[in-house]
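To start, the structure under review is shown below, and the notes come after it.
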Amino acid sequence: MTDTQQPNPSEMAEVTQARPHRTLLNDAWIRLRRNRLAVAGAIIILIFALGAIFAPLITKYNFAKQDLDSIFLQPSGVHWLGTDELGRDVFARMLYGARTSLAVGIFTQLIVLLIGLPIGAFAGSKGGRVDNLLMRFVDIMYGFPDILLIILLSAVLRGTVFGNMGGGIFVIFLAIGLVAWVNVSRLVRGQILSLKQRDFVTAARAMGGKGTYITMRHLLPNSLGPIIVSITFGVPRAIFTEAALSYIGIGVKPPTPSWGAMIHDGYNVMFTAPHLVIVPAVAIALIMLAFTFLGDGLRDALDPRSRR
Amino acid sequence: MGKYVIRRLLWMVLVLFVVAFVTFCLMHLVPGGPWDRDKALPQTVVDNLNRKYGLDQPFLIQFKNYIFNAVRGDLGVSYIYQDRSVTSIIMGGFPVSATLGLVAFLIAILVGVPLGIAAAIKQNSFVDYFAVIFATIFASMPNFVLGILLMIIFSVTLHWFPTSGWGSIRQIIMPAFALAALPAAYMARISRASMLDVTRQDYIRTARAKGLTERVVLVRHILRNAMIPVITIAGPELAGLVTGSFIVESLFSVPGIGRLFVQSVSQRDYGLIMGTVLFYAFAIAIINLVVDILYGMIDPRIRYD
């Protein structure tokens, strides 16, 4: 990335004419834009994100407002996607549900990064006993059926101060984040271990670079690509987990809108009002597909060698 | 080899012990107890219940008792289904989950692998594009969303299959397909990539240069080598499928251990939670060990040190 030496100004003019200077990220961006599926995925994510952010401007309905005079309405000009068993507007619930899903996707990955990155980087660059300890711990974490651990953790966290923050959504962030960081720390550790063997790191060390400097300046920036890809794939997994937990009734608390909870509510009336489960199911499928497309595109763009 | 198995088994015992301990701690941290009802029980009744189940003992003593019993196959009693032991409840649910998982696994293999192989043989053809699109869509489709969509199409609209229940072939088809889609997509992807990879190897060119017919090259040289990565991922997939999916089982009301776990958590049935987590961890560890040993027999390049 930035570890290439800058040529002196006169040389640079010539080089610039021959081929404009590009960084890896520049290059990746150009490759990503050429990937139609990745662009489609990014557009879908953008639409959901804009819908989630500007939900109050897009729909005049409140996601929790019940109207028992107009229950189970079919989609129409008034209620774009109809109403549910309590007369709540399904389109509004879908939009606000996107808030929940995207928030879960983003914040769990933040927690994953906050825990996984330092631990992985530390273990990878220090090596030895610290590394051994982490890897044994990771092995034990893999011994747990992870979804069961998430369920148990969320049950425990409900009793703490986080229990009621944001309608129970913080419990979900933490429960998923506390389980999922292991993957990222293992990835970062592996990256750093292999980068440590490379010549440019040896060179940096020979020039007198100290451990922390080398980790921050060379090892971490060069493992950025795989980390970005892993995070991108982590988002849909977290969204799915939240939907699954909310579906079985141990996710976010009502009336906080969640696509999983919408499926749960609509499940019993599937035969009379199928749109109540179709809307959230299609929304979940779309957002997961979009993130997978984007993740595949990012992987190809950031590491062109991995392409088959 | 013998040394390797022993080392793995010892490590497994340690992992299971830690899993048990952590689960035990977490369970005791969960707010509320197993005797919480809509109508509160009198304190004396709660005390008696606690004494009967040993819940009045110090934490570590409780854990010690639990482990000693678990080693003998006794996972304690369920606090909700008080007439049944956890072991018998799990043993009742496991065959159901295993049957569903095996059917799903077979579907995944029978759909995914031939699709991947066909796609690789006719690279850049219609079959190939179809396989790639199939793999991409189903690899990112959550199984319960697929389950819901299947229900809407085949139960609500076409009335072909019942939405829920267990016992007949018609009831197993939809949950099995919902579970099979993701591993099928995965296997199609892996077998296609692996086929393409092997086809480019020197020994395939050698086989062709020897004058072997295309059929012999394909079956004896390409397929046999290309299937190794497929078998590698088949193991963990099988472990995951056979131990059940709590979400698909809940969706289709399949009485397996996945659904059991969901119920036990919402009812705070400590005994059942503990038993299911341990059983899951144990089953997955054993299946993975068996699979790892089998790899060594299939692929002589793998050496156990």
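Ligands are numbered from 1 in the order shown, residues from 1 within each chain, and chains are lettered A, B, ... in the order they appear in the structure tokens.
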
Give me the residues of chain A that have any atom at most 9 Å from an atom of chain B; for each, the nearest atom pair and the distance in Å, rounded to one decimal. Use only C-alpha atoms, sort by chain and number, and format it as a Markdown table.
| residue | atom | partner | partner_atom | distance |
| --- | --- | --- | --- | --- |
| A:Asp139 | CA | B:Val15 | CA | 8.0 |
| A:Ile140 | CA | B:Val15 | CA | 5.5 |
| A:Met141 | CA | B:Val19 | CA | 8.3 |
| A:Gly143 | CA | B:Ala281 | CA | 6.0 |
| A:Phe144 | CA | B:Ala281 | CA | 5.8 |
| A:Pro145 | CA | B:Ala281 | CA | 6.2 |
| A:Leu148 | CA | B:Val277 | CA | 6.9 |
| A:Leu149 | CA | B:Thr23 | CA | 8.1 |
| A:Ile151 | CA | B:Val265 | CA | 7.9 |
| A:Leu152 | CA | B:Leu26 | CA | 6.8 |
| A:Leu153 | CA | B:Leu26 | CA | 7.0 |
| A:Ala155 | CA | B:Val30 | CA | 5.9 |
| A:Val156 | CA | B:Val30 | CA | 4.3 |
| A:Leu157 | CA | B:Val30 | CA | 7.8 |
| A:Arg158 | CA | B:Pro31 | CA | 7.8 |
| A:Gly159 | CA | B:Pro31 | CA | 5.5 |
| A:Thr160 | CA | B:Pro31 | CA | 8.8 |
| A:Pro236 | CA | B:Ser140 | CA | 8.4 |
| A:Arg237 | CA | B:Pro142 | CA | 9.0 |
| A:Phe240 | CA | B:Pro142 | CA | 6.7 |
| A:Ala244 | CA | B:Ile247 | CA | 6.7 |
| A:Leu245 | CA | B:Ile247 | CA | 8.7 |
| A:Tyr247 | CA | B:Ile247 | CA | 8.4 |
| A:Ile248 | CA | B:Val262 | CA | 7.4 |
| A:Gly249 | CA | B:Ser266 | CA | 8.5 |
| A:Ile250 | CA | B:Ser266 | CA | 7.7 |
| A:Ile263 | CA | B:Ile148 | CA | 8.4 |
| A:Tyr267 | CA | B:Ile148 | CA | 8.5 |
| A:Met270 | CA | B:Val156 | CA | 7.4 |
| A:Phe271 | CA | B:Val156 | CA | 5.6 |
| A:Thr272 | CA | B:Val156 | CA | 8.8 |
| A:Pro274 | CA | B:Ile152 | CA | 7.0 |
| A:Val277 | CA | B:Ile148 | CA | 7.4 |
| A:Ile278 | CA | B:Leu149 | CA | 7.1 |
| A:Pro280 | CA | B:Val145 | CA | 8.7 |
| A:Ala281 | CA | B:Val145 | CA | 5.3 |
| A:Val282 | CA | B:Val145 | CA | 7.7 |
| A:Ile284 | CA | B:Val145 | CA | 7.4 |
| A:Ala285 | CA | B:Met141 | CA | 5.6 |
| A:Leu286 | CA | B:Met141 | CA | 8.6 |
| A:Met288 | CA | B:Ser140 | CA | 5.9 |
| A:Leu289 | CA | B:Ser140 | CA | 5.4 |
| A:Ala290 | CA | B:Ser140 | CA | 8.9 |
| A:Phe291 | CA | B:Ser140 | CA | 8.6 |
| A:Thr292 | CA | B:Ser140 | CA | 6.4 |
| A:Phe293 | CA | B:Thr136 | CA | 8.2 |
| A:Arg308 | CA | B:Ala193 | CA | 7.7 |

Output C-alpha atoms for every residue in that selection, as a CSV table (one decimal), in the first residue's frame.
chain,number,residue,atom,x,y,z
A,139,ASP,CA,-10.3,-24.0,19.5
A,140,ILE,CA,-12.5,-24.1,22.5
A,141,MET,CA,-14.8,-21.4,21.1
A,143,GLY,CA,-16.2,-26.4,20.2
A,144,PHE,CA,-19.3,-24.5,21.1
A,145,PRO,CA,-22.3,-24.7,18.8
A,148,LEU,CA,-26.6,-21.9,20.9
A,149,LEU,CA,-23.9,-19.9,22.6
A,151,ILE,CA,-28.9,-17.7,22.4
A,152,LEU,CA,-27.5,-18.4,25.9
A,153,LEU,CA,-25.4,-15.1,25.9
A,155,ALA,CA,-30.5,-14.7,27.7
A,156,VAL,CA,-27.8,-13.7,30.2
A,157,LEU,CA,-27.3,-10.2,28.8
A,158,ARG,CA,-31.1,-9.5,29.1
A,159,GLY,CA,-30.7,-9.4,32.8
A,160,THR,CA,-27.9,-6.7,32.7
A,236,PRO,CA,-25.3,-10.6,6.4
A,237,ARG,CA,-24.5,-13.4,8.9
A,240,PHE,CA,-29.6,-13.5,9.6
A,244,ALA,CA,-33.6,-16.0,13.4
A,245,LEU,CA,-33.5,-14.9,17.1
A,247,TYR,CA,-38.3,-15.2,14.7
A,248,ILE,CA,-38.1,-17.6,17.6
A,249,GLY,CA,-39.1,-14.8,19.9
A,250,ILE,CA,-35.8,-14.1,21.8
A,263,ILE,CA,-42.2,-13.4,10.0
A,267,TYR,CA,-46.5,-17.2,10.4
A,270,MET,CA,-49.9,-17.3,6.5
A,271,PHE,CA,-52.9,-18.9,4.7
A,272,THR,CA,-55.1,-15.8,4.9
A,274,PRO,CA,-49.4,-14.4,3.0
A,277,VAL,CA,-44.5,-13.2,5.7
A,278,ILE,CA,-43.6,-12.6,2.0
A,280,PRO,CA,-40.0,-9.6,5.4
A,281,ALA,CA,-38.8,-12.9,3.9
A,282,VAL,CA,-38.0,-11.2,0.5
A,284,ILE,CA,-34.1,-10.6,4.3
A,285,ALA,CA,-33.2,-12.6,1.2
A,286,LEU,CA,-32.5,-9.4,-0.8
A,288,MET,CA,-28.3,-11.0,2.3
A,289,LEU,CA,-27.9,-11.5,-1.5
A,290,ALA,CA,-26.8,-7.9,-1.9
A,291,PHE,CA,-24.1,-8.2,0.8
A,292,THR,CA,-22.9,-11.5,-0.7
A,293,PHE,CA,-22.6,-10.0,-4.1
A,308,ARG,CA,-10.6,-18.4,-10.5

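Residues with any atom within 10 Å of Ala234 (chain B), counting only C-alpha atoms and excluding same-chain neighbours fewer than 5 positions away, are Phe105, Ala108, Ile109, Pro183, Tyr186, Met187, Ile228, Pro229, Ala239, Gly240 and Val291 of chain B.
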
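Neighbouring residues of Thr199 (chain B) at 10 Å or closer, counting only C-alpha atoms and skipping chain neighbours under 4 positions away, are B:Ala120, B:Ile121, B:Ser194, B:Met195, B:Tyr203, B:Ile204, B:Arg205, B:Val217, B:Leu218, B:His221, B:Ile222, B:Leu223, B:Asn225, B:Ala226.
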
For this session: Rounded to one decimal place, report the CA of Ile133 (chain B)-CA of Ala38 (chain A) distance in Å.
Result: 14.0 Å

For this session: Run DSSP on the backbone and give me the residues of region 165-223 of chain A it puts in alpha helix (DSSP H), as a VMD selection string.
Result: chain A and resid 169 to 195 199 to 206 211 to 214 220 to 222

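If you count only C-alpha atoms and ignore residues fewer than 2 places along the chain from Phe48 (chain A), what sits within 8 Å of it is A:Ile44, A:Ile45, A:Leu46, A:Leu50, A:Gly51, A:Ala52, A:Leu95, A:Ala98, A:Ile287.
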